[in-house]
file start30.txt (compact mmCIF, C-alpha atoms and all ligand atoms)
# COMPACT_ATOMS: atom_id res chain seq x y z
CA MET A 77 56.08 50.35 -55.57
CA ARG A 78 58.12 52.98 -57.44
CA PHE A 79 61.46 54.61 -56.59
CA GLU A 80 61.70 57.44 -59.14
CA GLY A 81 63.95 60.24 -57.86
CA LYS A 82 65.38 58.00 -55.15
CA ALA A 83 68.90 56.67 -54.73
CA GLY A 84 69.88 53.41 -53.08
CA LEU A 85 73.06 51.66 -52.00
CA VAL A 86 73.13 47.86 -51.78
CA THR A 87 76.12 46.01 -50.32
CA GLY A 88 76.95 42.52 -51.51
CA ALA A 89 75.01 43.46 -54.65
CA GLY A 90 77.21 41.44 -56.99
CA SER A 91 75.33 38.23 -56.23
CA GLY A 92 72.29 36.57 -54.71
CA ILE A 93 69.87 38.61 -52.59
CA GLY A 94 71.78 41.89 -53.03
CA ARG A 95 71.85 41.54 -56.80
CA ALA A 96 68.10 40.87 -56.91
CA THR A 97 67.44 43.86 -54.65
CA ALA A 98 69.61 46.24 -56.69
CA LYS A 99 67.97 45.07 -59.92
CA GLY A 100 64.48 45.35 -58.43
CA PHE A 101 65.13 48.86 -57.09
CA ALA A 102 66.44 50.02 -60.48
CA ALA A 103 63.61 48.32 -62.39
CA ARG A 104 61.18 50.37 -60.30
CA GLY A 105 62.82 53.67 -61.24
CA GLY A 106 65.50 54.15 -58.56
CA ALA A 107 69.19 54.86 -59.16
CA VAL A 108 71.34 52.31 -57.38
CA ALA A 109 74.92 51.90 -56.22
CA VAL A 110 75.98 48.27 -56.58
CA ALA A 111 78.66 47.73 -53.93
CA ASP A 112 80.62 44.51 -53.65
CA ILE A 113 84.10 43.27 -52.78
CA ASN A 114 83.99 41.40 -56.10
CA GLY A 115 84.41 44.09 -58.76
CA ASP A 116 83.70 41.81 -61.73
CA ASN A 117 80.34 40.81 -60.28
CA ALA A 118 79.45 44.40 -59.35
CA ASN A 119 80.25 45.55 -62.90
CA ARG A 120 78.20 42.69 -64.35
CA VAL A 121 75.15 43.65 -62.30
CA VAL A 122 75.53 47.30 -63.34
CA ALA A 123 75.69 46.16 -66.98
CA GLU A 124 72.49 44.12 -66.50
CA ILE A 125 70.71 47.11 -64.97
CA THR A 126 71.83 49.61 -67.60
CA ALA A 127 71.00 47.16 -70.42
CA ALA A 128 67.44 47.07 -69.03
CA GLY A 129 67.28 50.90 -69.09
CA GLY A 130 68.04 51.47 -65.39
CA LYS A 131 70.60 53.67 -63.67
CA ALA A 132 73.42 52.12 -61.62
CA ILE A 133 77.02 52.62 -60.60
CA ALA A 134 79.47 49.98 -59.42
CA ILE A 135 81.45 50.50 -56.23
CA ILE A 136 84.18 48.09 -55.26
CA ALA A 137 84.13 48.06 -51.47
CA ASP A 138 85.12 45.72 -48.66
CA VAL A 139 82.61 46.39 -45.89
CA THR A 140 85.08 45.18 -43.26
CA ARG A 141 87.14 48.31 -43.97
CA SER A 142 85.87 51.43 -42.29
CA GLY A 143 87.36 53.63 -45.04
CA ASP A 144 85.50 51.66 -47.73
CA ILE A 145 82.22 52.26 -45.91
CA ASP A 146 82.87 56.02 -45.87
CA MET A 147 83.82 55.85 -49.54
CA MET A 148 80.73 53.90 -50.67
CA ILE A 149 78.34 56.24 -48.86
CA SER A 150 80.02 59.42 -50.07
CA ARG A 151 80.29 58.13 -53.66
CA THR A 152 76.58 57.26 -53.65
CA VAL A 153 75.65 60.73 -52.43
CA HIS A 154 78.02 62.51 -54.83
CA GLU A 155 77.22 60.43 -57.92
CA LEU A 156 73.53 59.70 -57.37
CA GLY A 157 72.67 62.86 -55.43
CA ARG A 158 70.97 61.31 -52.38
CA LEU A 159 70.78 58.26 -50.12
CA ASP A 160 67.17 57.18 -49.67
CA PHE A 161 67.73 53.45 -49.27
CA LEU A 162 70.63 51.57 -47.70
CA HIS A 163 70.62 47.79 -47.85
CA ASN A 164 73.27 46.29 -45.56
CA ASN A 165 73.49 42.82 -47.02
CA ALA A 166 77.09 41.76 -47.74
CA PHE A 167 78.34 38.60 -46.14
CA GLY A 168 80.97 35.95 -46.82
CA PHE A 169 82.51 33.21 -44.72
CA SER A 170 86.24 33.92 -44.45
CA ALA A 171 88.54 31.37 -46.01
CA MET A 172 91.34 30.71 -43.54
CA PRO A 173 93.94 28.02 -44.21
CA GLY A 174 93.50 25.17 -41.74
CA VAL A 175 90.42 26.73 -40.11
CA SER A 176 86.95 25.36 -40.76
CA ALA A 177 84.08 27.83 -40.97
CA VAL A 178 81.91 25.09 -39.45
CA ALA A 179 82.65 24.03 -35.86
CA ALA A 180 80.87 23.57 -32.55
CA THR A 181 81.09 26.52 -30.18
CA ALA A 182 84.03 25.30 -28.09
CA ASP A 183 85.96 24.43 -31.26
CA THR A 184 85.35 27.76 -33.00
CA ASP A 185 88.56 29.57 -33.86
CA ASP A 186 88.81 33.11 -32.43
CA ARG A 187 89.90 34.47 -35.82
CA MET A 188 86.85 32.93 -37.49
CA TRP A 189 84.63 34.43 -34.79
CA ASN A 190 86.15 37.90 -35.26
CA ALA A 191 86.06 37.77 -39.06
CA THR A 192 82.40 36.71 -39.03
CA LEU A 193 81.43 39.47 -36.61
CA ASP A 194 83.41 42.03 -38.67
CA VAL A 195 81.60 41.35 -41.93
CA GLY A 196 78.24 40.30 -40.47
CA LEU A 197 77.70 42.82 -37.69
CA THR A 198 80.32 45.56 -37.30
CA ALA A 199 80.02 46.51 -40.98
CA VAL A 200 76.28 47.00 -40.55
CA PHE A 201 76.83 49.20 -37.48
CA ARG A 202 79.39 51.34 -39.31
CA ALA A 203 77.26 51.77 -42.43
CA ILE A 204 74.26 52.84 -40.33
CA LYS A 205 76.54 55.31 -38.52
CA ARG A 206 77.64 56.89 -41.81
CA ALA A 207 74.18 56.86 -43.41
CA VAL A 208 72.22 58.46 -40.57
CA PRO A 209 73.71 61.99 -40.93
CA VAL A 210 72.90 61.94 -44.66
CA MET A 211 69.35 60.73 -44.10
CA ARG A 212 68.86 63.12 -41.18
CA ALA A 213 69.81 66.05 -43.45
CA GLN A 214 67.34 64.78 -46.08
CA GLY A 215 64.64 64.30 -43.45
CA SER A 216 63.97 60.78 -44.68
CA GLY A 217 65.55 57.42 -45.44
CA SER A 218 65.02 53.70 -45.17
CA ILE A 219 67.63 51.19 -44.04
CA VAL A 220 67.07 47.47 -44.51
CA ASN A 221 69.57 45.02 -43.03
CA THR A 222 69.80 41.41 -44.11
CA ALA A 223 69.66 39.39 -40.90
CA SER A 224 68.52 35.75 -41.02
CA ILE A 225 66.30 33.22 -39.28
CA SER A 226 69.74 32.22 -37.92
CA GLY A 227 69.60 35.49 -35.97
CA LEU A 228 66.34 34.41 -34.32
CA TYR A 229 67.02 30.74 -33.62
CA ALA A 230 70.05 28.44 -33.35
CA ASP A 231 71.88 26.28 -35.87
CA TYR A 232 74.47 23.58 -35.20
CA GLY A 233 78.03 24.51 -36.20
CA ILE A 234 77.93 28.21 -37.13
CA VAL A 235 77.88 30.00 -33.77
CA ALA A 236 79.55 33.21 -34.96
CA TYR A 237 77.02 33.55 -37.80
CA ASN A 238 74.12 33.01 -35.36
CA ALA A 239 75.57 35.61 -32.99
CA ALA A 240 76.27 38.14 -35.76
CA LYS A 241 72.76 37.84 -37.21
CA ALA A 242 71.15 38.07 -33.76
CA GLY A 243 73.18 41.23 -33.31
CA VAL A 244 71.83 42.61 -36.59
CA VAL A 245 68.25 42.02 -35.43
CA ASN A 246 68.69 44.04 -32.24
CA LEU A 247 70.96 46.67 -33.82
CA THR A 248 68.07 47.20 -36.26
CA ARG A 249 65.63 47.78 -33.39
CA VAL A 250 67.91 50.21 -31.56
CA ALA A 251 68.57 52.32 -34.66
CA ALA A 252 64.85 52.20 -35.50
CA ILE A 253 63.70 53.67 -32.20
CA GLU A 254 66.53 56.21 -32.00
CA TYR A 255 65.87 57.70 -35.43
CA ALA A 256 62.13 57.15 -35.85
CA ARG A 257 61.36 60.82 -35.27
CA LEU A 258 63.90 61.89 -37.89
CA GLY A 259 61.96 60.15 -40.66
CA ILE A 260 64.48 57.31 -40.86
CA ARG A 261 63.04 53.79 -40.80
CA VAL A 262 65.25 50.78 -40.02
CA ASN A 263 64.08 47.20 -40.56
CA CYS A 264 65.64 43.85 -41.21
CA ILE A 265 64.69 40.80 -43.20
CA CYS A 266 65.21 37.31 -41.82
CA PRO A 267 65.51 35.02 -44.82
CA GLY A 268 65.31 31.27 -44.51
CA ALA A 269 67.30 29.07 -46.89
CA ILE A 270 67.69 30.93 -50.18
CA ASP A 271 69.13 29.54 -53.40
CA THR A 272 72.35 31.59 -53.67
CA PRO A 273 76.08 30.87 -54.00
CA LEU A 274 76.46 31.52 -50.24
CA LEU A 275 74.14 28.67 -49.30
CA ALA A 276 75.54 26.37 -51.98
CA GLY A 277 79.04 27.03 -50.62
CA ALA A 278 78.09 26.54 -46.96
CA ALA A 279 75.87 23.45 -47.27
CA GLN A 280 76.83 20.03 -48.59
CA PRO A 281 74.58 18.70 -51.45
CA ALA A 282 72.96 16.20 -49.05
CA MET A 283 72.16 19.02 -46.64
CA LEU A 284 70.65 21.12 -49.44
CA LYS A 285 68.23 18.24 -50.15
CA LYS A 286 67.24 18.12 -46.47
CA PHE A 287 66.17 21.76 -46.63
CA ASN A 288 63.31 20.71 -48.91
CA GLU A 289 62.09 18.40 -46.12
CA VAL A 290 62.29 20.96 -43.30
CA ILE A 291 60.78 23.86 -45.25
CA PRO A 292 56.97 23.50 -45.33
CA MET A 293 56.87 24.94 -48.87
CA GLY A 294 59.22 22.13 -49.90
CA ARG A 295 61.78 24.28 -51.69
CA LEU A 296 64.48 26.91 -51.21
CA GLY A 297 63.56 30.56 -51.56
CA ARG A 298 64.62 32.60 -54.57
CA PRO A 299 66.67 35.83 -54.23
CA GLU A 300 63.88 37.79 -55.96
CA GLU A 301 61.44 36.64 -53.26
CA MET A 302 63.70 38.28 -50.64
CA ALA A 303 64.13 41.39 -52.81
CA ASN A 304 60.34 41.82 -52.94
CA VAL A 305 60.15 42.00 -49.15
CA ILE A 306 63.25 44.22 -48.86
CA LEU A 307 61.89 46.65 -51.47
CA PHE A 308 58.53 46.79 -49.71
CA LEU A 309 60.36 47.72 -46.48
CA ALA A 310 62.39 50.31 -48.42
CA SER A 311 59.30 51.83 -50.00
CA ASP A 312 56.76 54.39 -48.80
CA LEU A 313 54.20 51.56 -48.64
CA ALA A 314 55.96 50.58 -45.39
CA SER A 315 55.70 54.13 -43.98
CA PHE A 316 54.62 52.93 -40.47
CA VAL A 317 56.98 49.95 -40.37
CA THR A 318 60.19 50.36 -38.39
CA GLY A 319 62.18 48.09 -36.08
CA SER A 320 60.67 44.99 -37.64
CA ALA A 321 62.41 41.68 -38.28
CA TYR A 322 60.49 40.36 -41.25
CA VAL A 323 60.68 36.57 -41.63
CA ALA A 324 60.59 35.18 -45.18
CA ASP A 325 61.37 31.48 -44.92
CA GLY A 326 58.70 29.36 -46.63
CA GLY A 327 57.28 28.50 -43.20
CA GLN A 328 60.47 26.96 -41.76
CA THR A 329 60.34 28.77 -38.42
CA ALA A 330 56.56 28.56 -38.06
CA LYS A 331 57.05 25.00 -36.77
CA THR A 332 57.53 23.82 -33.19
CA GLY A 333 59.92 21.11 -34.36
CA SER A 334 57.67 18.38 -32.89
CA PRO A 335 56.95 15.30 -35.00
CA SER A 336 53.71 15.38 -37.00
CA PHE A 337 50.47 14.29 -35.26
CA LEU A 338 49.02 13.43 -38.66
CA PRO A 339 49.09 9.76 -39.70
CA GLU A 340 52.00 8.96 -42.08
N1 LIG B 401 71.32 32.36 -48.87
C1 LIG B 401 70.73 32.12 -47.72
O1 LIG B 401 70.21 31.02 -47.47
C2 LIG B 401 70.65 33.21 -46.66
C3 LIG B 401 69.81 33.01 -45.57
C4 LIG B 401 69.70 33.99 -44.59
C5 LIG B 401 70.44 35.15 -44.72
N2 LIG B 401 71.27 35.32 -45.79
C6 LIG B 401 72.02 36.56 -45.86
O2 LIG B 401 71.75 37.20 -47.08
C7 LIG B 401 72.84 38.07 -47.40
C8 LIG B 401 73.22 37.89 -48.84
O3 LIG B 401 73.71 36.58 -49.02
P1 LIG B 401 73.45 35.72 -50.34
O4 LIG B 401 72.85 34.45 -49.91
O5 LIG B 401 72.79 36.55 -51.36
O6 LIG B 401 74.97 35.38 -50.71
P2 LIG B 401 75.86 35.65 -52.00
O7 LIG B 401 77.14 34.95 -51.76
O8 LIG B 401 75.09 35.34 -53.25
O9 LIG B 401 76.09 37.25 -51.96
C9 LIG B 401 76.88 37.84 -50.97
C10 LIG B 401 77.69 38.95 -51.61
O10 LIG B 401 78.43 39.63 -50.58
C11 LIG B 401 79.71 39.95 -51.11
N3 LIG B 401 80.66 40.15 -50.02
C12 LIG B 401 81.20 39.20 -49.20
N4 LIG B 401 82.05 39.76 -48.35
C13 LIG B 401 82.06 41.10 -48.63
C14 LIG B 401 82.74 42.21 -48.09
N5 LIG B 401 83.63 42.06 -47.09
N6 LIG B 401 82.50 43.44 -48.61
C15 LIG B 401 81.62 43.59 -49.62
N7 LIG B 401 80.96 42.58 -50.19
C16 LIG B 401 81.17 41.35 -49.69
C17 LIG B 401 80.07 38.75 -51.98
O11 LIG B 401 81.10 39.07 -52.91
C18 LIG B 401 78.72 38.44 -52.63
O12 LIG B 401 78.58 39.14 -53.86
C19 LIG B 401 73.92 37.76 -46.38
O13 LIG B 401 73.89 38.73 -45.35
C20 LIG B 401 73.52 36.42 -45.83
O14 LIG B 401 74.01 36.18 -44.54
C21 LIG B 401 71.38 34.39 -46.77

call {"tool": "encode", "arguments": {"input": "start30.txt", "output": "structure tokens", "more": "lines below"}}
Ligand SMILES: NC(=O)c1ccc[n+]([C@@H]2O[C@H](COP(=O)([O-])OP(=O)(O)OC[C@H]3O[C@@H](n4cnc5c(N)ncnc54)[C@H](O)[C@@H]3O)[C@@H](O)[C@H]2O)c1
result
Amino acid sequence: MRFEGKAGLVTGAGSGIGRATAKGFAARGGAVAVADINGDNANRVVAEITAAGGKAIAIIADVTRSGDIDMMISRTVHELGRLDFLHNNAFGFSAMPGVSAVAATADTDDRMWNATLDVGLTAVFRAIKRAVPVMRAQGSGSIVNTASISGLYADYGIVAYNAAKAGVVNLTRVAAIEYARLGIRVNCICPGAIDTPLLAGAAQPAMLKKFNEVIPMGRLGRPEEMANVILFLASDLASFVTGSAYVADGGQTAKTGSPSFLPE
């Protein structure tokens, strides 16, 4: 898997899965735009990539702002020359005074719902909208969206996240079929529980331990393990793959949820 001569843009690349993807893309010869709302983290990832001999630029962008999406796509094209790979990956739970990010459906605050949909779904829609004309002119391109197993099945207490990620899965399919004949592939990855600051911030320590019990592999995933799948989907090796929702979850969603028939 090599990306020489290709340019990529990864959102939420200052940390976790996005950081691993940006680093992996650059390590395989691609030039990458590291976009994040957190400028210090974006600059740190660019420094890591350039220290390893790769090519990267930092872009400070808030994907909930339409103007920032225009800016990050046009800067990538102007400064790196192309847009072969777009990874829509940024996400953060909004911190709102007096409002919990975790609540049952009927107790979910409208503002929390809207903020979650803005960063988790609308931003992905807008970035695809801006990237397609560029990729259409090139005659090729690969978009990979970070959805989640939470977009395929339900969790307790994070309804807006479940709805946003389900939206990403079907948005991926629609864009995939609409642009398949233009040489643009669109796929998404559905990670399970991955060891990143996002999960550590969302889950209590006791809950983190329980993940080891519910994941057949008995451990959280690593960001690099998601990057490997994302980069495969981005690469020419996946030339006949479009509209897919690729699950990478250590076996978590392979289960029915029934108790074990095996003796204890
Ligand atoms: N960690 C998991 O268990 C898990 C599981 C399934 C899906 N995901 C998804 O993976 C993606 C990456 O998450 P992660 O676990 O690597 O988390 P992370 O917190 O390590 O990284 C997320 C990055 O997104 C950035 N970000 C947040 N809001 C932004 C905004 N408005 N504009 C631009 N950047 C913004 C953050 O600054 C951060 O650098 C997310 O879409 C998340 O929903 C994560």

call {"tool": "closest_residue", "arguments": {"input": "start30.txt", "among": "A:Gly233, A:Pro281, A:Gly227, A:Pro339", "to": "Trp189 of chain A", "atoms": "all atoms listed in the file"}}
result
A:Gly233

call {"tool": "residues_near_ligand", "arguments": {"input": "start30.txt", "ligand": "ligand LIG 401 (chain B)", "cutoff": "6 Å", "atoms": "only C-alpha atoms and all ligand atoms", "output": "PyMOL selection string"}}
result
chain A and resi 87-94+112-114+137-140+165-168+195+222-224+267-275

call {"tool": "closest_atom_pairs", "arguments": {"input": "start30.txt", "of": "segment 116-213 of chain A", "to": "segment 239-253 of chain A", "cutoff": "10 Å", "atoms": "only C-alpha atoms", "output": "Markdown table"}}
result
| residue | atom | partner | partner_atom | distance |
| --- | --- | --- | --- | --- |
| A:Asn164 | CA | A:Val244 | CA | 9.8 |
| A:Trp189 | CA | A:Ala240 | CA | 9.2 |
| A:Asn190 | CA | A:Ala240 | CA | 9.9 |
| A:Thr192 | CA | A:Ala240 | CA | 7.1 |
| A:Leu193 | CA | A:Ala240 | CA | 5.4 |
| A:Asp194 | CA | A:Ala240 | CA | 8.6 |
| A:Val195 | CA | A:Ala240 | CA | 8.8 |
| A:Gly196 | CA | A:Ala240 | CA | 5.5 |
| A:Leu197 | CA | A:Ala240 | CA | 5.3 |
| A:Thr198 | CA | A:Ala240 | CA | 8.6 |
| A:Val200 | CA | A:Val244 | CA | 7.4 |
| A:Phe201 | CA | A:Leu247 | CA | 7.4 |
| A:Ile204 | CA | A:Ala251 | CA | 8.0 |
| A:Lys205 | CA | A:Ala251 | CA | 9.3 |
| A:Val208 | CA | A:Ala251 | CA | 9.3 |

call {"tool": "atom_distance", "arguments": {"input": "start30.txt", "atom1": "atom CA of Ala132 of chain A", "atom2": "atom CA of Leu85 of chain A"}}
result
9.6 Å

call {"tool": "atom_distance", "arguments": {"input": "start30.txt", "atom1": "atom CA of Val323 of chain A", "atom2": "atom CA of Cys266 of chain A"}}
result
4.6 Å

call {"tool": "build_atoms", "arguments": {"input": "start30.txt", "residues": "segment 239-274 of chain A", "atoms": "N, CA and C atoms", "output": "compact mmCIF listing (two decimals), in the coordinates of the input"}}
result
# COMPACT_ATOMS: atom_id res chain seq x y z
N ALA A 239 75.40 34.45 -33.88
CA ALA A 239 75.57 35.61 -32.99
C ALA A 239 75.56 36.91 -33.79
N ALA A 240 76.23 36.92 -34.94
CA ALA A 240 76.27 38.14 -35.76
C ALA A 240 74.86 38.51 -36.22
N LYS A 241 74.10 37.53 -36.68
CA LYS A 241 72.76 37.84 -37.21
C LYS A 241 71.79 38.23 -36.08
N ALA A 242 71.96 37.63 -34.91
CA ALA A 242 71.15 38.07 -33.76
C ALA A 242 71.49 39.52 -33.43
N GLY A 243 72.76 39.86 -33.53
CA GLY A 243 73.18 41.23 -33.31
C GLY A 243 72.54 42.19 -34.32
N VAL A 244 72.45 41.75 -35.56
CA VAL A 244 71.83 42.61 -36.59
C VAL A 244 70.37 42.87 -36.25
N VAL A 245 69.67 41.85 -35.76
CA VAL A 245 68.25 42.02 -35.43
C VAL A 245 68.09 43.11 -34.36
N ASN A 246 68.89 43.06 -33.32
CA ASN A 246 68.69 44.04 -32.24
C ASN A 246 69.32 45.40 -32.55
N LEU A 247 70.41 45.41 -33.32
CA LEU A 247 70.96 46.67 -33.82
C LEU A 247 69.89 47.39 -34.65
N THR A 248 69.16 46.65 -35.45
CA THR A 248 68.07 47.20 -36.26
C THR A 248 67.05 47.89 -35.37
N ARG A 249 66.68 47.21 -34.28
CA ARG A 249 65.63 47.78 -33.39
C ARG A 249 66.11 49.05 -32.71
N VAL A 250 67.37 49.03 -32.25
CA VAL A 250 67.91 50.21 -31.56
C VAL A 250 67.93 51.40 -32.51
N ALA A 251 68.49 51.20 -33.70
CA ALA A 251 68.57 52.32 -34.66
C ALA A 251 67.16 52.78 -35.03
N ALA A 252 66.23 51.85 -35.13
CA ALA A 252 64.85 52.20 -35.50
C ALA A 252 64.23 53.15 -34.48
N ILE A 253 64.37 52.81 -33.19
CA ILE A 253 63.70 53.67 -32.20
C ILE A 253 64.45 55.00 -32.03
N GLU A 254 65.77 54.97 -32.19
CA GLU A 254 66.53 56.21 -32.00
C GLU A 254 66.25 57.24 -33.09
N TYR A 255 66.00 56.76 -34.31
CA TYR A 255 65.87 57.70 -35.43
C TYR A 255 64.46 57.79 -36.01
N ALA A 256 63.51 57.17 -35.33
CA ALA A 256 62.13 57.15 -35.85
C ALA A 256 61.58 58.56 -36.04
N ARG A 257 61.93 59.47 -35.16
CA ARG A 257 61.36 60.82 -35.27
C ARG A 257 62.11 61.71 -36.25
N LEU A 258 63.17 61.14 -36.85
CA LEU A 258 63.90 61.89 -37.89
C LEU A 258 63.43 61.48 -39.29
N GLY A 259 62.44 60.60 -39.35
CA GLY A 259 61.96 60.15 -40.66
C GLY A 259 62.79 59.02 -41.24
N ILE A 260 63.64 58.42 -40.38
CA ILE A 260 64.48 57.31 -40.86
C ILE A 260 63.89 56.00 -40.33
N ARG A 261 63.54 55.10 -41.22
CA ARG A 261 63.04 53.79 -40.80
C ARG A 261 64.16 52.76 -40.94
N VAL A 262 64.22 51.82 -40.00
CA VAL A 262 65.25 50.78 -40.02
C VAL A 262 64.58 49.44 -39.75
N ASN A 263 64.70 48.53 -40.70
CA ASN A 263 64.08 47.20 -40.56
C ASN A 263 65.10 46.16 -40.99
N CYS A 264 64.80 44.91 -40.65
CA CYS A 264 65.64 43.85 -41.21
C CYS A 264 64.77 42.73 -41.75
N ILE A 265 65.34 42.00 -42.67
CA ILE A 265 64.69 40.80 -43.20
C ILE A 265 65.42 39.59 -42.63
N CYS A 266 64.63 38.56 -42.30
CA CYS A 266 65.21 37.31 -41.82
C CYS A 266 64.89 36.22 -42.83
N PRO A 267 65.77 36.06 -43.83
CA PRO A 267 65.51 35.02 -44.82
C PRO A 267 65.73 33.64 -44.23
N GLY A 268 65.00 32.67 -44.78
CA GLY A 268 65.31 31.27 -44.51
C GLY A 268 66.37 30.83 -45.50
N ALA A 269 66.29 29.59 -45.96
CA ALA A 269 67.30 29.07 -46.89
C ALA A 269 66.99 29.55 -48.31
N ILE A 270 67.90 30.32 -48.88
CA ILE A 270 67.69 30.93 -50.18
C ILE A 270 68.74 30.40 -51.16
N ASP A 271 68.28 30.15 -52.38
CA ASP A 271 69.13 29.54 -53.40
C ASP A 271 70.14 30.56 -53.94
N THR A 272 71.29 30.66 -53.26
CA THR A 272 72.35 31.59 -53.67
C THR A 272 73.70 30.88 -53.56
N PRO A 273 74.74 31.48 -54.15
CA PRO A 273 76.08 30.87 -54.00
C PRO A 273 76.51 30.72 -52.54
N LEU A 274 76.06 31.62 -51.66
CA LEU A 274 76.46 31.52 -50.24
C LEU A 274 75.97 30.22 -49.64
